[in-house]
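For reference, coords_37.pdb (PDB, C-alpha atoms):
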ATOM      1  CA  MET A   1       0.000   0.000   0.000
ATOM      2  CA  ALA A   2       1.018   3.601  -0.481
ATOM      3  CA  ILE A   3       2.917   5.219   2.362
ATOM      4  CA  HIS A   4       1.801   8.773   2.941
ATOM      5  CA  LYS A   5       2.583  11.459   5.441
ATOM      6  CA  LEU A   6      -0.274  12.291   7.757
ATOM      7  CA  CYS A   7      -2.104  15.556   7.247
ATOM      8  CA  PRO A   8      -0.217  18.271   9.182
ATOM      9  CA  LYS A   9      -3.524  19.824  10.289
ATOM     10  CA  PHE A  10      -4.591  16.512  11.797
ATOM     11  CA  GLU A  11      -1.217  16.244  13.499
ATOM     12  CA  ALA A  12      -1.507  19.729  14.977
ATOM     13  CA  ALA A  13      -5.037  19.020  16.232
ATOM     14  CA  MET A  14      -3.981  15.721  17.829
ATOM     15  CA  GLU A  15      -0.982  17.438  19.388
ATOM     16  CA  LEU A  16      -3.418  19.684  21.261
ATOM     17  CA  LEU A  17      -6.279  17.252  21.872
ATOM     18  CA  GLY A  18      -3.876  14.461  22.772
ATOM     19  CA  LYS A  19      -2.574  16.326  25.798
ATOM     20  CA  ARG A  20      -3.657  14.869  29.079
ATOM     21  CA  TRP A  21      -6.819  16.437  30.586
ATOM     22  CA  VAL A  22      -7.591  18.493  27.480
ATOM     23  CA  GLY A  23     -10.522  16.279  26.476
ATOM     24  CA  LEU A  24     -11.892  16.318  29.999
ATOM     25  CA  ILE A  25     -11.604  20.102  30.323
ATOM     26  CA  VAL A  26     -13.293  20.726  26.965
ATOM     27  CA  ARG A  27     -15.999  18.209  27.765
ATOM     28  CA  ALA A  28     -16.712  19.806  31.137
ATOM     29  CA  LEU A  29     -17.005  23.279  29.575
ATOM     30  CA  MET A  30     -19.410  22.067  26.846
ATOM     31  CA  ASP A  31     -22.216  22.566  29.358
ATOM     32  CA  GLY A  32     -21.397  26.264  29.744
ATOM     33  CA  PRO A  33     -18.954  28.606  31.498
ATOM     34  CA  MET A  34     -17.459  27.318  34.742
ATOM     35  CA  ARG A  35     -15.142  28.466  37.470
ATOM     36  CA  PHE A  36     -11.730  26.818  37.591
ATOM     37  CA  LYS A  37     -12.542  25.125  40.876
ATOM     38  CA  ASP A  38     -15.705  23.551  39.455
ATOM     39  CA  VAL A  39     -13.914  22.171  36.396
ATOM     40  CA  ALA A  40     -11.219  20.776  38.696
ATOM     41  CA  GLU A  41     -13.874  18.974  40.734
ATOM     42  CA  THR A  42     -15.093  17.039  37.702
ATOM     43  CA  ILE A  43     -11.609  15.809  36.800
ATOM     44  CA  PRO A  44     -10.104  13.168  39.056
ATOM     45  CA  ASN A  45      -6.457  12.872  40.043
ATOM     46  CA  VAL A  46      -5.026  16.051  38.624
ATOM     47  CA  SER A  47      -3.245  18.804  40.520
ATOM     48  CA  GLY A  48      -4.538  22.357  40.296
ATOM     49  CA  ARG A  49      -1.162  23.371  38.909
ATOM     50  CA  MET A  50      -1.298  20.890  36.028
ATOM     51  CA  LEU A  51      -4.849  21.874  35.250
ATOM     52  CA  ALA A  52      -3.989  25.588  35.287
ATOM     53  CA  GLU A  53      -1.208  24.915  32.790
ATOM     54  CA  ARG A  54      -3.659  23.191  30.442
ATOM     55  CA  PHE A  55      -6.108  26.075  30.782
ATOM     56  CA  LYS A  56      -3.353  28.457  29.675
ATOM     57  CA  GLU A  57      -2.521  26.258  26.697
ATOM     58  CA  LEU A  58      -6.170  26.041  25.694
ATOM     59  CA  GLU A  59      -6.531  29.799  26.035
ATOM     60  CA  ALA A  60      -3.428  30.307  23.864
ATOM     61  CA  ALA A  61      -4.885  27.889  21.306
ATOM     62  CA  GLY A  62      -8.108  29.900  21.175
ATOM     63  CA  VAL A  63     -10.204  27.038  22.547
ATOM     64  CA  LEU A  64     -11.340  28.838  25.686
ATOM     65  CA  VAL A  65     -11.437  32.340  27.119
ATOM     66  CA  ARG A  66     -11.040  33.572  30.665
ATOM     67  CA  ASN A  67     -13.772  35.998  31.656
ATOM     68  CA  VAL A  68     -13.225  38.243  34.650
ATOM     69  CA  TYR A  69     -16.353  39.733  36.234
ATOM     70  CA  PRO A  70     -15.809  42.705  38.588
ATOM     71  CA  ASP A  71     -18.034  41.343  41.334
ATOM     72  CA  THR A  72     -17.011  41.374  44.967
ATOM     73  CA  PRO A  73     -15.206  39.071  45.284
ATOM     74  CA  VAL A  74     -14.060  39.064  41.689
ATOM     75  CA  ARG A  75     -15.522  36.179  39.697
ATOM     76  CA  ILE A  76     -13.498  34.374  37.030
ATOM     77  CA  GLU A  77     -15.084  31.947  34.613
ATOM     78  CA  TYR A  78     -13.778  29.937  31.718
ATOM     79  CA  GLU A  79     -15.813  29.610  28.570
ATOM     80  CA  LEU A  80     -15.324  27.759  25.298
ATOM     81  CA  THR A  81     -14.886  29.917  22.203
ATOM     82  CA  GLU A  82     -16.582  28.986  18.920
ATOM     83  CA  LYS A  83     -13.436  26.984  18.139
ATOM     84  CA  GLY A  84     -13.810  25.150  21.426
ATOM     85  CA  ARG A  85     -17.552  24.561  21.064
ATOM     86  CA  SER A  86     -16.980  23.136  17.606
ATOM     87  CA  LEU A  87     -15.125  20.269  19.276
ATOM     88  CA  ALA A  88     -18.552  18.901  20.249
ATOM     89  CA  PRO A  89     -18.608  16.329  17.391
ATOM     90  CA  VAL A  90     -15.193  15.058  18.500
ATOM     91  CA  MET A  91     -16.365  14.722  22.105
ATOM     92  CA  ASP A  92     -19.572  13.015  20.961
ATOM     93  CA  ALA A  93     -17.671  10.561  18.777
ATOM     94  CA  VAL A  94     -15.382   9.685  21.694
ATOM     95  CA  GLN A  95     -18.390   9.197  23.976
ATOM     96  CA  GLN A  96     -20.112   6.895  21.501
ATOM     97  CA  TRP A  97     -16.982   4.827  21.049
ATOM     98  CA  ALA A  98     -16.511   4.701  24.826
ATOM     99  CA  ASN A  99     -20.107   3.551  25.350
ATOM    100  CA  ARG A 100     -19.688   0.765  22.832
ATOM    101  CA  TRP A 101     -16.342  -0.593  23.932
ATOM    102  CA  ASN A 102     -15.819   0.063  27.623
TER     103      ASN A 102
ATOM    104  CA  MET B   1     -25.177  25.220  36.849
ATOM    105  CA  ALA B   2     -25.039  21.660  38.019
ATOM    106  CA  ILE B   3     -21.622  20.208  38.716
ATOM    107  CA  HIS B   4     -21.373  16.637  37.600
ATOM    108  CA  LYS B   5     -18.633  14.054  37.436
ATOM    109  CA  LEU B   6     -17.609  13.164  33.922
ATOM    110  CA  CYS B   7     -18.664   9.807  32.523
ATOM    111  CA  PRO B   8     -16.037   7.238  33.578
ATOM    112  CA  LYS B   9     -16.258   5.581  30.146
ATOM    113  CA  PHE B  10     -15.414   8.884  28.480
ATOM    114  CA  GLU B  11     -12.545   9.326  30.917
ATOM    115  CA  ALA B  12     -11.158   5.872  30.146
ATOM    116  CA  ALA B  13     -11.417   6.482  26.401
ATOM    117  CA  MET B  14      -9.663   9.852  26.657
ATOM    118  CA  GLU B  15      -6.982   8.290  28.835
ATOM    119  CA  LEU B  16      -6.129   5.992  25.921
ATOM    120  CA  LEU B  17      -6.787   8.329  22.984
ATOM    121  CA  GLY B  18      -5.127  11.239  24.755
ATOM    122  CA  LYS B  19      -1.766   9.507  24.846
ATOM    123  CA  ARG B  20       0.793  11.009  22.533
ATOM    124  CA  TRP B  21       0.993   9.352  19.078
ATOM    125  CA  VAL B  22      -2.097   7.193  19.620
ATOM    126  CA  GLY B  23      -4.251   9.257  17.265
ATOM    127  CA  LEU B  24      -1.537   9.261  14.627
ATOM    128  CA  ILE B  25      -0.984   5.493  14.860
ATOM    129  CA  VAL B  26      -4.716   4.725  14.636
ATOM    130  CA  ARG B  27      -5.143   7.152  11.773
ATOM    131  CA  ALA B  28      -2.251   5.605   9.829
ATOM    132  CA  LEU B  29      -3.668   2.094  10.272
ATOM    133  CA  MET B  30      -7.158   3.142   9.106
ATOM    134  CA  ASP B  31      -5.932   2.588   5.537
ATOM    135  CA  GLY B  32      -5.122  -1.062   6.261
ATOM    136  CA  PRO B  33      -2.455  -3.265   7.870
ATOM    137  CA  MET B  34       1.064  -1.841   7.946
ATOM    138  CA  ARG B  35       4.510  -2.827   9.044
ATOM    139  CA  PHE B  36       5.902  -1.040  12.087
ATOM    140  CA  LYS B  37       8.548   0.698   9.982
ATOM    141  CA  ASP B  38       5.938   2.100   7.593
ATOM    142  CA  VAL B  39       3.775   3.471  10.408
ATOM    143  CA  ALA B  40       6.891   5.018  11.946
ATOM    144  CA  GLU B  41       7.669   6.793   8.645
ATOM    145  CA  THR B  42       4.312   8.587   8.673
ATOM    146  CA  ILE B  43       4.818   9.942  12.190
ATOM    147  CA  PRO B  44       7.379  12.702  12.623
ATOM    148  CA  ASN B  45       9.696  13.160  15.595
ATOM    149  CA  VAL B  46       9.057   9.994  17.550
ATOM    150  CA  SER B  47      11.610   7.365  18.522
ATOM    151  CA  GLY B  48      11.034   3.750  17.518
ATOM    152  CA  ARG B  49      11.114   2.846  21.176
ATOM    153  CA  MET B  50       8.313   5.258  22.116
ATOM    154  CA  LEU B  51       6.258   4.100  19.185
ATOM    155  CA  ALA B  52       6.759   0.431  20.058
ATOM    156  CA  GLU B  53       5.512   1.163  23.586
ATOM    157  CA  ARG B  54       2.346   2.733  22.175
ATOM    158  CA  PHE B  55       1.798  -0.264  19.886
ATOM    159  CA  LYS B  56       1.950  -2.552  22.913
ATOM    160  CA  GLU B  57      -0.544  -0.383  24.784
ATOM    161  CA  LEU B  58      -2.903  -0.333  21.821
ATOM    162  CA  GLU B  59      -2.589  -4.101  21.464
ATOM    163  CA  ALA B  60      -3.344  -4.532  25.176
ATOM    164  CA  ALA B  61      -6.365  -2.244  24.784
ATOM    165  CA  GLY B  62      -7.682  -4.378  21.923
ATOM    166  CA  VAL B  63      -7.345  -1.577  19.384
ATOM    167  CA  LEU B  64      -4.833  -3.342  17.151
ATOM    168  CA  VAL B  65      -3.407  -6.816  16.593
ATOM    169  CA  ARG B  66       0.054  -7.925  15.601
ATOM    170  CA  ASN B  67      -0.008 -10.451  12.757
ATOM    171  CA  VAL B  68       3.063 -12.592  12.166
ATOM    172  CA  TYR B  69       3.348 -14.182   8.711
ATOM    173  CA  PRO B  70       5.832 -17.046   8.375
ATOM    174  CA  ASP B  71       7.439 -15.719   5.207
ATOM    175  CA  THR B  72      11.198 -15.628   4.705
ATOM    176  CA  PRO B  73      12.077 -13.239   6.191
ATOM    177  CA  VAL B  74       9.220 -13.287   8.659
ATOM    178  CA  ARG B  75       6.726 -10.500   8.012
ATOM    179  CA  ILE B  76       4.979  -8.683  10.870
ATOM    180  CA  GLU B  77       2.059  -6.392  10.282
ATOM    181  CA  TYR B  78      -0.183  -4.386  12.580
ATOM    182  CA  GLU B  79      -3.889  -4.210  11.919
ATOM    183  CA  LEU B  80      -6.780  -2.421  13.601
ATOM    184  CA  THR B  81      -9.369  -4.632  15.277
ATOM    185  CA  GLU B  82     -13.079  -3.853  14.982
ATOM    186  CA  LYS B  83     -12.661  -1.766  18.140
ATOM    187  CA  GLY B  84      -9.835   0.122  16.451
ATOM    188  CA  ARG B  85     -11.656   0.583  13.148
ATOM    189  CA  SER B  86     -14.674   1.936  14.983
ATOM    190  CA  LEU B  87     -12.524   4.918  15.960
ATOM    191  CA  ALA B  88     -13.008   6.176  12.395
ATOM    192  CA  PRO B  89     -15.763   8.669  13.395
ATOM    193  CA  VAL B  90     -13.452  10.099  16.079
ATOM    194  CA  MET B  91     -10.603  10.473  13.576
ATOM    195  CA  ASP B  92     -12.965  12.039  11.027
ATOM    196  CA  ALA B  93     -14.333  14.503  13.576
ATOM    197  CA  VAL B  94     -10.788  15.535  14.521
ATOM    198  CA  GLN B  95      -9.878  15.973  10.847
ATOM    199  CA  GLN B  96     -12.927  18.130  10.175
ATOM    200  CA  TRP B  97     -12.190  20.316  13.170
ATOM    201  CA  ALA B  98      -8.540  20.551  12.122
ATOM    202  CA  ASN B  99      -9.495  21.580   8.579
ATOM    203  CA  ARG B 100     -11.738  24.307   9.879
ATOM    204  CA  TRP B 101      -9.486  25.799  12.517
ATOM    205  CA  ASN B 102      -5.854  25.267  11.556
TER     206      ASN B 102
END
Rewritten as structure tokens:
Amino acid sequence: MAIHKLCPKFEAAMELLGKRWVGLIVRALMDGPMRFKDVAETIPNVSGRMLAERFKELEAAGVLVRNVYPDTPVRIEYELTEKGRSLAPVMDAVQQWANRWN
Amino acid sequence: MAIHKLCPKFEAAMELLGKRWVGLIVRALMDGPMRFKDVAETIPNVSGRMLAERFKELEAAGVLVRNVYPDTPVRIEYELTEKGRSLAPVMDAVQQWANRWN
């Protein structure tokens, strides 16, 4: 069979999505904006520091935004961008596969 | 909003799919059985040792099988199982997202 290089766009996407916790963070935020602490509670066995690093990477990648509301005390929420929300079909496909095989 | 724990099946699936190179290996094998060397050629910047470790994990997870053909010299090919092939919708969803956003 022909040997071909993988699509570089696919590679770049997997490089991001393949990072630990990324799928779980995106999945959690699909339901709407959340505070950091509340996302952390849905994800088992990860340190706040690791999770904060992933949030920064996802923000840099344009997948989520950090919204700061000037309440007292200040309220900070994370929200998926359109780019992040459009990962829904990926998350759904993973869930369907997981339901079938796990 | 309600805080809920993520689905443990989704978690387990992401734990596997979220490992580095897994998406690229599965994607490469979607076209049919391949020798280790030929998969390795489609994936940039990964050592043979790292890749071999991932192959073992994917074999243990039932995603691929290792077929040994008693030719001279012996021929070894890796092939997706039904479980592995049924990742096609996940791979397609990632590709579509990648095309749109990268």
Find the residues near Lys83 (chain A): any atom within 9 Å, counting only C-alpha atoms, skip ones fewer than 3 places away on the same chain, and give them as a list in words.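 Counting only C-alpha atoms, the residues come to Gly62, Val63, Leu64, Leu80, Ser86 and Leu87 of chain A; Trp97, Arg100 and Trp101 of chain B.
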Expand the PyMOL selection byres ((chain A) within 7 of (chain B)) into the individual residues it matches in the shown file, reporting them as a PyMOL selection string. chain A and resi 3-6+9-10+13-14+17-20+23+38+42+83+87+89-90+93-95+97-99+101-102
Using all atoms listed in the file, which residues sit within 8 Å of Ile76 (chain B) once same-chain residues fewer than 6 positions away are excluded, as a list in words? Arg35, Phe36, Arg66, Asn67, Val68 and Tyr69 of chain B
Report the distance between CA of Ser47 (chain A) and CA of Ala61 (chain B) in Å, rounded to one decimal place.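 Atom-to-atom, CA of Ser47 (chain A) and CA of Ala61 (chain B) are spaced 26.5 Å apart.
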Between CA of Arg49 (chain B) and CA of Val74 (chain B), distance in Å (one decimal):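 CA of Val74 (chain B) lies 20.5 Å from CA of Arg49 (chain B).
Going from CA of Val26 (chain B) to CA of Leu58 (chain B) covers 9.0 Å.
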